[in-house]
>>> print(open('model-v8.txt').read())   # compact mmCIF, C-alpha atoms
# COMPACT_ATOMS: atom_id res chain seq x y z
CA MET A 20 11.55 10.31 73.73
CA ALA A 21 12.08 6.66 74.64
CA ILE A 22 15.00 4.69 73.26
CA PHE A 23 14.66 0.96 72.75
CA ARG A 24 17.91 0.23 74.53
CA THR A 25 16.41 1.67 77.70
CA SER A 26 13.16 -0.30 77.35
CA SER A 27 11.19 1.77 74.87
CA ILE A 28 10.03 -0.05 71.72
CA ALA A 29 11.42 -3.03 70.12
CA PRO A 30 12.28 -4.14 66.36
CA LEU A 31 15.34 -4.39 63.21
CA LEU A 32 18.57 -4.28 61.15
CA LEU A 33 19.19 -7.27 58.90
CA LEU A 34 22.73 -7.96 57.73
CA ALA A 35 23.58 -10.58 55.15
CA LEU A 36 26.58 -12.73 55.92
CA ALA A 37 28.91 -15.14 54.21
CA CYS A 38 27.78 -18.64 53.24
CA GLY A 39 29.80 -21.57 54.57
CA CYS A 40 29.95 -25.02 53.06
CA GLY A 41 30.44 -28.45 54.51
CA GLY A 42 29.51 -32.03 54.02
CA ALA A 43 27.63 -34.41 56.22
CA GLY A 44 29.78 -33.28 59.13
CA ALA A 45 28.89 -29.63 58.75
CA GLN A 46 29.17 -27.47 61.84
CA THR A 47 26.20 -27.43 64.15
CA ASN A 48 27.44 -24.18 65.70
CA PRO A 49 28.78 -22.07 62.82
CA GLU A 50 31.13 -19.24 63.48
CA THR A 51 29.53 -16.00 64.56
CA PRO A 52 28.42 -14.06 61.47
CA THR A 53 30.44 -10.96 60.86
CA GLU A 54 28.54 -7.75 60.41
CA GLY A 55 28.49 -5.63 57.31
CA PRO A 56 29.20 -1.93 57.29
CA THR A 57 25.84 -0.81 58.59
CA ALA A 58 24.27 -6.59 65.50
CA GLU A 59 26.92 -13.79 76.62
CA ALA A 60 24.33 -15.19 78.40
CA THR A 61 26.45 -17.95 79.07
CA SER A 62 26.70 -19.01 85.55
CA SER A 63 33.96 -21.01 112.99
CA THR A 64 33.27 -21.97 116.41
CA PRO A 65 35.68 -20.69 119.08
CA PRO A 66 37.31 -23.46 121.19
CA THR A 67 35.98 -24.05 124.69
CA SER A 68 38.45 -23.89 127.63
CA THR A 69 38.77 -26.61 130.35
CA PRO A 70 37.40 -25.32 133.69
CA PRO A 71 40.03 -25.09 136.53
CA LYS A 72 40.05 -27.77 139.28
CA THR A 73 38.72 -26.81 142.73
CA ASP A 74 38.18 -28.57 146.12
CA GLU A 75 34.53 -27.74 146.12
CA ALA A 76 31.94 -30.25 145.15
CA PRO A 77 31.39 -30.06 141.50
CA LYS A 78 28.50 -27.94 140.46
CA PRO A 79 26.21 -28.92 137.65
CA PRO A 80 27.49 -27.44 134.50
CA PRO A 81 25.62 -24.36 133.34
CA ALA A 82 23.27 -24.84 130.52
CA GLU A 83 25.21 -24.58 127.35
CA GLU A 84 24.45 -21.42 125.51
CA ALA A 85 23.16 -21.83 122.00
CA LYS A 86 26.03 -21.46 119.64
CA PRO A 87 25.35 -19.31 116.63
CA GLU A 88 25.42 -21.05 113.30
CA PRO A 89 28.53 -20.15 111.40
CA ALA A 90 27.75 -17.65 108.68
CA PRO A 91 28.19 -19.09 105.22
CA ASP A 92 31.01 -17.71 103.20
CA LYS A 93 29.86 -14.80 101.07
CA PRO A 94 29.98 -15.97 97.47
CA ALA A 95 32.29 -14.10 95.22
CA PRO A 96 30.60 -12.03 92.52
CA THR A 97 29.95 -14.17 89.49
CA GLU A 98 29.29 -13.28 85.90
CA LEU A 99 25.82 -13.61 84.46
CA ALA A 100 24.99 -17.18 83.53
CA GLU A 101 25.09 -18.25 79.91
CA ALA A 102 22.22 -19.86 78.08
CA PRO A 103 22.51 -23.60 77.46
CA LYS A 104 23.66 -24.80 74.08
CA ALA A 105 21.07 -25.57 71.43
CA PRO A 106 20.41 -29.24 70.65
CA SER A 107 22.59 -30.71 67.93
CA ILE A 108 20.82 -31.46 64.63
CA THR A 109 22.73 -33.26 61.86
CA CYS A 110 22.18 -32.27 58.25
CA GLU A 111 22.89 -35.25 56.02
CA PRO A 112 22.92 -34.89 52.22
CA LYS A 113 19.65 -36.12 50.76
CA ALA A 114 20.05 -39.50 49.07
CA GLY A 115 19.30 -39.48 45.35
CA ALA A 116 19.13 -35.70 45.15
CA ALA A 117 18.77 -34.51 41.57
CA ALA A 118 21.96 -33.24 40.01
CA GLY A 119 22.16 -29.98 38.11
CA PRO A 120 22.49 -26.26 38.74
CA LYS A 121 21.28 -25.03 42.11
CA LYS A 122 20.34 -21.68 43.48
CA LYS A 123 22.80 -19.91 45.71
CA LEU A 124 21.96 -20.60 49.33
CA GLU A 125 20.46 -17.44 50.79
CA ILE A 126 18.48 -16.67 53.93
CA SER A 127 15.88 -13.95 54.45
CA VAL A 128 14.12 -12.87 57.63
CA ASP A 129 10.61 -11.44 57.56
CA ARG A 130 11.44 -8.40 59.63
CA SER A 131 7.81 -7.50 60.23
CA ARG A 132 7.38 -10.92 61.90
CA VAL A 133 10.31 -10.66 64.30
CA ASP A 134 8.58 -10.69 67.68
CA LEU A 135 10.96 -9.84 70.51
CA ASP A 136 8.22 -9.95 73.14
CA GLY A 137 6.95 -13.32 71.92
CA HIS A 138 10.50 -14.63 71.33
CA LYS A 139 9.99 -15.85 67.76
CA LEU A 140 10.83 -15.05 64.17
CA GLU A 141 10.42 -16.46 60.65
CA VAL A 142 12.99 -17.09 57.91
CA LYS A 143 13.11 -18.54 54.40
CA LEU A 144 15.89 -20.36 52.55
CA THR A 145 16.46 -20.60 48.81
CA ARG A 146 17.27 -24.34 49.12
CA ALA A 147 15.64 -27.29 50.87
CA ALA A 148 15.96 -26.62 54.61
CA CYS A 149 17.56 -28.97 57.11
CA LYS A 150 17.50 -26.71 60.16
CA VAL A 151 17.60 -23.17 61.49
CA GLU A 152 19.76 -22.11 64.43
CA LEU A 153 19.85 -18.83 66.29
CA GLN A 154 21.59 -17.08 69.17
CA VAL A 155 20.14 -14.13 71.08
CA ILE A 156 22.55 -11.67 72.71
CA GLY A 157 21.52 -9.13 75.33
CA GLU A 158 22.76 -5.64 76.11
CA SER A 159 25.10 -7.15 78.72
CA GLY A 160 26.93 -8.93 75.90
CA LYS A 161 25.88 -12.30 77.30
CA VAL A 162 23.94 -14.93 75.38
CA LEU A 163 20.28 -14.96 76.42
CA ALA A 164 19.24 -17.96 74.34
CA ASN A 165 20.41 -20.59 71.88
CA ALA A 166 17.88 -22.43 69.74
CA ALA A 167 17.78 -24.92 66.88
CA LYS A 168 14.88 -26.44 64.97
CA ALA A 169 14.82 -29.19 62.33
CA PHE A 170 12.82 -28.74 59.12
CA GLU A 171 13.55 -32.10 57.44
CA GLY A 172 14.01 -30.91 53.87
CA ALA A 173 11.28 -28.26 53.74
CA ALA A 174 10.98 -26.93 50.20
CA PRO A 175 12.77 -23.72 49.18
CA GLY A 176 10.73 -20.65 50.10
CA THR A 177 8.89 -22.36 52.96
CA VAL A 178 8.24 -20.16 55.98
CA LEU A 179 10.46 -21.54 58.76
CA ALA A 180 9.30 -20.40 62.20
CA ILE A 181 11.61 -20.69 65.19
CA ASP A 182 11.29 -19.47 68.77
CA TRP A 183 13.57 -19.21 71.77
CA SER A 184 13.41 -19.11 75.57
CA PRO A 185 15.64 -16.42 77.12
CA ILE A 186 17.19 -17.24 80.47
CA ARG A 187 16.23 -13.80 81.83
CA ALA A 188 14.49 -10.59 80.85
CA GLU A 189 16.99 -8.30 79.15
CA THR A 190 16.92 -5.96 76.18
CA VAL A 191 18.05 -7.76 73.04
CA SER A 192 20.95 -6.13 71.21
CA ARG A 193 21.58 -8.75 68.53
CA ILE A 194 20.12 -11.94 67.05
CA GLU A 195 22.30 -14.19 64.90
CA VAL A 196 20.44 -16.63 62.65
CA TRP A 197 21.82 -19.49 60.51
CA GLY A 198 19.96 -21.50 57.91
CA HIS A 199 21.29 -24.94 56.86
CA ASP A 200 20.33 -26.76 53.69
CA THR A 201 20.07 -30.54 53.36
CA GLU A 202 23.62 -30.81 51.97
CA GLY A 203 25.36 -29.35 55.00
CA ASN A 204 25.79 -25.80 53.70
CA TYR A 205 24.80 -22.84 55.82
CA VAL A 206 24.37 -19.10 55.64
CA GLY A 207 23.75 -16.55 58.38
CA VAL A 208 22.37 -13.11 59.06
CA ALA A 209 22.50 -10.76 62.05
CA ILE A 210 19.61 -8.62 63.28
CA THR A 211 20.21 -5.54 65.41
CA PRO A 212 17.08 -4.06 67.04
CA TRP A 213 17.10 -0.28 67.34
CA ASN A 214 14.02 1.87 67.66
CA VAL A 215 13.07 5.31 68.99
CA LYS A 216 9.52 6.51 69.52
CA ILE A 217 9.28 10.30 69.34
CA ASP A 218 7.18 11.87 72.07
CA HIS A 219 4.97 14.57 70.59
CA GLU A 220 1.78 16.58 70.88
CA GLU A 221 -1.00 15.11 68.76
CA VAL A 222 -2.14 16.99 65.69
CA ASN A 223 -5.88 17.69 65.75
CA PHE A 224 -7.77 17.26 62.50
CA GLU A 225 -11.25 18.42 61.65
CA THR A 226 -13.90 15.70 61.42
CA ASP A 227 -13.34 13.41 58.42
CA SER A 228 -10.43 15.60 57.24
CA ASP A 229 -6.75 14.90 56.67
CA LYS A 230 -5.80 18.53 56.06
CA ILE A 231 -3.18 19.94 58.43
CA ARG A 232 -4.46 23.26 59.77
CA ASP A 233 -2.15 26.20 60.31
CA SER A 234 -2.88 26.11 64.03
CA GLU A 235 -1.35 22.59 64.21
CA VAL A 236 1.92 23.39 62.42
CA PRO A 237 3.82 24.43 65.60
CA LYS A 238 3.20 20.93 66.99
CA LEU A 239 4.75 19.34 63.92
CA GLU A 240 7.68 21.76 63.99
CA ALA A 241 8.40 20.78 67.60
CA SER A 242 8.22 17.10 66.61
CA LEU A 243 10.58 17.66 63.69
CA ASP A 244 13.11 19.22 66.08
CA LYS A 245 12.92 16.10 68.25
CA VAL A 246 13.44 13.86 65.23
CA LYS A 247 16.51 15.84 64.18
CA ASP A 248 17.86 15.78 67.73
CA ALA A 249 17.50 11.98 67.90
CA LEU A 250 19.25 11.61 64.55
CA SER A 251 22.14 13.80 65.67
CA LYS A 252 22.65 11.58 68.74
CA HIS A 253 22.80 8.41 66.63
CA GLN A 254 24.90 9.45 63.66
CA ASP A 255 26.79 6.16 63.96
CA LEU A 256 23.68 4.25 62.87
CA LYS A 257 23.15 4.06 59.12
CA GLY A 258 19.82 3.39 57.44
CA ILE A 259 17.44 5.02 59.91
CA SER A 260 13.91 5.68 58.60
CA LEU A 261 10.94 7.57 60.03
CA TYR A 262 7.66 5.63 60.23
CA ILE A 263 4.32 7.40 60.69
CA ALA A 264 1.49 5.22 62.03
CA GLY A 265 -2.09 6.51 62.22
CA HIS A 266 -4.79 5.16 64.58
CA THR A 267 -8.43 5.92 65.40
CA ASP A 268 -11.03 5.06 68.02
CA THR A 269 -14.09 2.91 67.28
CA VAL A 270 -16.50 5.72 66.40
CA GLY A 271 -17.57 5.10 62.80
CA SER A 272 -17.23 2.05 60.60
CA PRO A 273 -13.94 0.11 60.61
CA GLU A 274 -13.54 0.68 56.88
CA HIS A 275 -14.01 4.44 57.18
CA ASN A 276 -11.62 4.66 60.13
CA LEU A 277 -8.96 2.66 58.29
CA THR A 278 -9.10 4.95 55.26
CA LEU A 279 -9.09 8.10 57.38
CA SER A 280 -6.12 6.94 59.50
CA ARG A 281 -4.14 6.23 56.33
CA LYS A 282 -4.88 9.64 54.87
CA ARG A 283 -3.84 11.41 58.06
CA ALA A 284 -0.66 9.35 58.48
CA ARG A 285 0.30 10.13 54.89
CA ALA A 286 -0.43 13.85 55.39
CA ILE A 287 1.91 14.03 58.39
CA ALA A 288 4.59 12.00 56.60
CA ALA A 289 4.37 14.35 53.62
CA TRP A 290 4.67 17.35 55.96
CA PHE A 291 7.95 16.00 57.37
CA ARG A 292 9.27 15.31 53.89
CA GLY A 293 8.19 18.76 52.70
CA ARG A 294 10.14 20.37 55.53
CA GLY A 295 13.37 18.87 54.24
CA LEU A 296 13.73 15.70 56.29
CA LYS A 297 16.30 13.71 54.29
CA ILE A 298 15.93 10.23 55.76
CA PRO A 299 13.40 7.78 54.26
CA VAL A 300 9.84 8.35 55.46
CA ALA A 301 7.10 5.69 55.39
CA TRP A 302 3.50 5.66 56.60
CA GLU A 303 0.57 3.35 57.29
CA GLY A 304 -2.85 3.69 58.90
CA PHE A 305 -4.33 1.05 61.18
CA GLY A 306 -7.76 2.54 61.86
CA GLU A 307 -9.22 0.95 64.97
CA HIS A 308 -7.25 -2.30 64.58
CA ASN A 309 -4.39 -1.48 66.97
CA PRO A 310 -5.87 0.34 70.01
CA ILE A 311 -4.02 1.24 73.17
CA VAL A 312 -7.26 0.84 75.15
CA LYS A 313 -9.68 -1.94 74.18
CA THR A 314 -13.21 -0.59 73.91
CA ALA A 315 -16.61 -1.53 72.58
CA ASP A 316 -17.81 -0.18 69.23
CA GLU A 317 -18.69 3.53 68.92
CA VAL A 318 -16.55 4.59 71.90
CA ALA A 319 -14.66 7.89 71.61
CA GLU A 320 -11.45 6.91 73.39
CA ALA A 321 -8.92 9.75 73.12
CA LYS A 322 -5.90 7.50 73.74
CA ASN A 323 -6.74 5.50 70.63
CA ARG A 324 -6.86 8.59 68.38
CA ARG A 325 -3.18 9.07 67.79
CA VAL A 326 -0.31 9.09 65.30
CA ASP A 327 3.00 7.44 66.23
CA TYR A 328 6.35 8.82 65.04
CA ILE A 329 8.97 6.05 65.06
CA LEU A 330 12.63 6.18 64.09
CA SER A 331 13.90 2.69 63.33
CA LEU A 332 16.53 0.72 61.46
CA GLU A 333 13.89 -1.85 60.55
CA PRO A 334 10.19 -1.54 59.72
CA PRO A 335 8.19 -1.70 62.97
CA ARG A 336 6.21 -4.87 63.54
CA LEU A 337 2.77 -4.80 61.88
CA PRO A 338 -0.42 -6.09 63.51
CA GLN A 339 -1.70 -9.38 62.12
CA GLY A 340 -5.32 -10.05 61.28
CA ALA A 341 -7.94 -9.85 58.57
CA VAL A 342 -6.51 -6.59 57.19
CA ALA A 343 -3.21 -6.66 55.30
CA PHE A 344 -0.97 -3.83 56.46
CA GLY A 345 2.24 -2.60 54.88
CA TRP A 346 4.50 0.41 55.16
CA LYS A 347 4.32 2.78 52.17
CA ALA A 348 7.33 4.89 51.29
CA LEU A 349 6.87 8.48 50.15
>>> encode(input="model-v8.txt", output="structure tokens")
Amino acid sequence: MAIFRTSSIAPLLLLALACGCGGAGAQTNPETPTEGPTAEATSSTPPTSTPPKTDEAPKPPPAEEAKPEPAPDKPAPTELAEAPKAPSITCEPKAGAAAGPKKKLEISVDRSRVDLDGHKLEVKLTRAACKVELQVIGESGKVLANAAKAFEGAAPGTVLAIDWSPIRAETVSRIEVWGHDTEGNYVGVAITPWNVKIDHEEVNFETDSDKIRDSEVPKLEASLDKVKDALSKHQDLKGISLYIAGHTDTVGSPEHNLTLSRKRARAIAAWFRGRGLKIPVAWEGFGEHNPIVKTADEVAEAKNRRVDYILSLEPPRLPQGAVAFGWKAL
């Protein structure tokens, strides 16, 4: 069983925070959002003696021995460097803005589009957007990155994409995101990645079948014990769900494989639920669209025929492409 915090999988808990208000001089670095009940990379030569006098004729001085270079002072241990500040972006009220009732300023993060490996995420605001700021904090407690991006009055509901450049490779423990409207108001959220992939023995199905055979039940029972063990070790985390993801190789048509992987993922998810697992359980099948090993068509690659069991605070990231994927809750 691999835990994200020790470099297993990545992705995420989203916490809504309080909305601040300001005018044209609104803060460019709002206060750190406070978390709800459920997430800094800031950087001798010894003296020579005079030879004694003698009556003898002076002898040529011996060749001077090479003097060793003085060793540089050993630097004192220093704390990890902090990421540079994000550029300042001013949010001025829009001239001639229409008066009248306005929606409450809210921010939402598309959790399935938070890409820790690619260092990017997407948000939406319920008002015209001036800018988005974020801060990425690593497991060390130091800030790995600060970022800000202007959106120049993008309409409410527009997808606002922002990326960041971490100063070093380190597991992310928290991302704080602020969205600013064009009137100087802002609102923030905090994302806490936590994810556990359960190691297990694969269940073998008969060809074109999603029925769980009696001979495969001991494998699922062993996996259920691992799920329960992981939950008992993380009782401090609230809102954990189990996600079941089905995959196939490239033997057969993509459409057939997609349907079959979904049926098998759902069958396993239903088995866990039927055995009394109380946490939310969701499933999705990806067919041959998310292989571990890239192959040509009609290749029976065993590593690609698999079902993943993932415990997570946030829905795991979904592959993007021609097929629309989405987690389905039982």
>>> atom_distance(input="model-v8.txt", atom1="CA of Val246 in chain A", atom2="CA of Gln339 in chain A")
27.9 Å
>>> closest_residue(input="model-v8.txt", among="A:Pro103, A:Pro310, A:Gly340, A:Pro334", to="Tyr262 in chain A", atoms="all atoms listed in the file")
A:Pro334
>>> residues_near_point(input="model-v8.txt", point="(12.9, -32.8, 55.6)", cutoff="9 Å", atoms="only C-alpha atoms", output="PyMOL selection string")
chain A and resi 113+147-150+169-174+201
>>> write_last_selection(input="model-v8.txt", atoms="C-alpha atoms", output="PDB file, in the coordinates of the input")
ATOM      1  CA  LYS A 113      19.650 -36.120  50.760  1.00  0.00           C
ATOM      2  CA  ALA A 147      15.640 -27.290  50.870  1.00  0.00           C
ATOM      3  CA  ALA A 148      15.960 -26.620  54.610  1.00  0.00           C
ATOM      4  CA  CYS A 149      17.560 -28.970  57.110  1.00  0.00           C
ATOM      5  CA  LYS A 150      17.500 -26.710  60.160  1.00  0.00           C
ATOM      6  CA  ALA A 169      14.820 -29.190  62.330  1.00  0.00           C
ATOM      7  CA  PHE A 170      12.820 -28.740  59.120  1.00  0.00           C
ATOM      8  CA  GLU A 171      13.550 -32.100  57.440  1.00  0.00           C
ATOM      9  CA  GLY A 172      14.010 -30.910  53.870  1.00  0.00           C
ATOM     10  CA  ALA A 173      11.280 -28.260  53.740  1.00  0.00           C
ATOM     11  CA  ALA A 174      10.980 -26.930  50.200  1.00  0.00           C
ATOM     12  CA  THR A 201      20.070 -30.540  53.360  1.00  0.00           C
TER      13      THR A 201
END
>>> atom_distance(input="model-v8.txt", atom1="CA of Thr145 in chain A", atom2="CA of Ala166 in chain A")
21.1 Å
>>> residues_around(input="model-v8.txt", residues="Ser228 in chain A", least_positions_apart="4", cutoff="9 Å", atoms="all atoms listed in the file", output="list in words")
Phe224, Leu279, Lys282 and Arg283 of chain A
>>> atom_distance(input="model-v8.txt", atom1="CA of Leu261 in chain A", atom2="CA of Pro185 in chain A")
29.8 Å
>>> residues_near_point(input="model-v8.txt", point="(-7.5, 4.0, 67.8)", cutoff="6 Å", atoms="all atoms listed in the file", output="list of chain:residue names")
A:His266, A:Thr267, A:Asp268, A:Glu307, A:Pro310, A:Asn323, A:Arg324
>>> residues_around(input="model-v8.txt", residues="range 216-223 of chain A", least_positions_apart="4", cutoff="12 Å", atoms="only C-alpha atoms", output="JSON, numbers by chain")
{"A": [20, 21, 22, 23, 24, 25, 26, 27, 28, 29, 30, 227, 228, 229, 230, 231, 232, 233, 234, 235, 236, 237, 238, 239, 240, 241, 242, 243, 244, 245, 246, 247, 248, 249, 250, 260, 261, 262, 263, 264, 265, 266, 283, 284, 286, 287, 290, 321, 322, 323, 324, 325, 326, 327, 328, 329, 330, 331, 335]}
>>> residues_around(input="model-v8.txt", residues="Leu179 in chain A", least_positions_apart="2", cutoff="10 Å", atoms="all atoms listed in the file", output="list in words")
Val128, Leu140, Glu141, Val142, Lys143, Leu144, Ala148, Lys150, Val151, Lys168, Ala169, Phe170, Ala173, Gly176, Thr177, Ile181 and Gly198 of chain A
>>> write_last_selection(input="model-v8.txt", atoms="C-alpha atoms", output="CSV table (one decimal), in the coordinates of the input")
chain,number,residue,atom,x,y,z
A,128,VAL,CA,14.1,-12.9,57.6
A,140,LEU,CA,10.8,-15.0,64.2
A,141,GLU,CA,10.4,-16.5,60.6
A,142,VAL,CA,13.0,-17.1,57.9
A,143,LYS,CA,13.1,-18.5,54.4
A,144,LEU,CA,15.9,-20.4,52.6
A,148,ALA,CA,16.0,-26.6,54.6
A,150,LYS,CA,17.5,-26.7,60.2
A,151,VAL,CA,17.6,-23.2,61.5
A,168,LYS,CA,14.9,-26.4,65.0
A,169,ALA,CA,14.8,-29.2,62.3
A,170,PHE,CA,12.8,-28.7,59.1
A,173,ALA,CA,11.3,-28.3,53.7
A,176,GLY,CA,10.7,-20.6,50.1
A,177,THR,CA,8.9,-22.4,53.0
A,181,ILE,CA,11.6,-20.7,65.2
A,198,GLY,CA,20.0,-21.5,57.9
>>> residues_around(input="model-v8.txt", residues="Glu274 in chain A", least_positions_apart="5", cutoff="12 Å", atoms="all atoms listed in the file", output="PDB file with C-alpha atoms, in the coordinates of the input")
ATOM      1  CA  THR A 267      -8.430   5.920  65.400  1.00  0.00           C
ATOM      2  CA  THR A 269     -14.090   2.910  67.280  1.00  0.00           C
ATOM      3  CA  LEU A 279      -9.090   8.100  57.380  1.00  0.00           C
ATOM      4  CA  SER A 280      -6.120   6.940  59.500  1.00  0.00           C
ATOM      5  CA  ARG A 281      -4.140   6.230  56.330  1.00  0.00           C
ATOM      6  CA  GLY A 304      -2.850   3.690  58.900  1.00  0.00           C
ATOM      7  CA  PHE A 305      -4.330   1.050  61.180  1.00  0.00           C
ATOM      8  CA  GLY A 306      -7.760   2.540  61.860  1.00  0.00           C
ATOM      9  CA  GLU A 307      -9.220   0.950  64.970  1.00  0.00           C
ATOM     10  CA  HIS A 308      -7.250  -2.300  64.580  1.00  0.00           C
ATOM     11  CA  VAL A 342      -6.510  -6.590  57.190  1.00  0.00           C
TER      12      VAL A 342
END
>>> closest_residue(input="model-v8.txt", among="A:Gly271, A:Gly345, A:Pro299, A:Pro175", to="Ala315 in chain A", atoms="all atoms listed in the file")
A:Gly271
>>> closest_residue(input="model-v8.txt", among="A:Ala100, A:Ala301, A:Leu332, A:Leu337", to="Gly258 in chain A", atoms="only C-alpha atoms")
A:Leu332
>>> decode(input="model-v8.txt", residues="range 294-329 of chain A", atoms="C-alpha atoms", output="compact mmCIF listing (two decimals), in the first residue's frame")
# COMPACT_ATOMS: atom_id res chain seq x y z
CA ARG A 294 -19.68 -6.40 2.47
CA GLY A 295 -20.56 -3.45 4.69
CA LEU A 296 -17.99 -0.84 3.71
CA LYS A 297 -19.51 2.37 5.09
CA ILE A 298 -17.49 5.04 3.30
CA PRO A 299 -18.67 6.38 -0.09
CA VAL A 300 -17.74 4.13 -3.01
CA ALA A 301 -17.48 5.30 -6.64
CA TRP A 302 -16.44 3.57 -9.85
CA GLU A 303 -15.49 4.23 -13.46
CA GLY A 304 -14.12 2.17 -16.34
CA PHE A 305 -11.49 3.48 -18.74
CA GLY A 306 -11.22 0.55 -21.16
CA GLU A 307 -7.96 0.80 -23.06
CA HIS A 308 -7.71 4.59 -22.70
CA ASN A 309 -5.37 4.70 -19.69
CA PRO A 310 -2.75 1.93 -20.13
CA ILE A 311 0.30 1.38 -17.97
CA VAL A 312 2.17 0.00 -20.99
CA LYS A 313 1.58 1.58 -24.40
CA THR A 314 0.93 -1.10 -27.01
CA ALA A 315 -0.38 -1.50 -30.53
CA ASP A 316 -3.95 -2.65 -31.14
CA GLU A 317 -4.92 -6.25 -30.33
CA VAL A 318 -2.07 -6.78 -27.85
CA ALA A 319 -2.83 -8.83 -24.72
CA GLU A 320 -0.77 -6.88 -22.19
CA ALA A 321 -1.41 -8.25 -18.69
CA LYS A 322 -0.29 -5.06 -16.92
CA ASN A 323 -3.05 -3.12 -18.66
CA ARG A 324 -5.79 -5.53 -17.51
CA ARG A 325 -6.29 -4.26 -14.01
CA VAL A 326 -8.62 -2.60 -11.49
CA ASP A 327 -7.28 0.13 -9.20
CA TYR A 328 -8.54 0.55 -5.62
CA ILE A 329 -7.93 4.14 -4.47
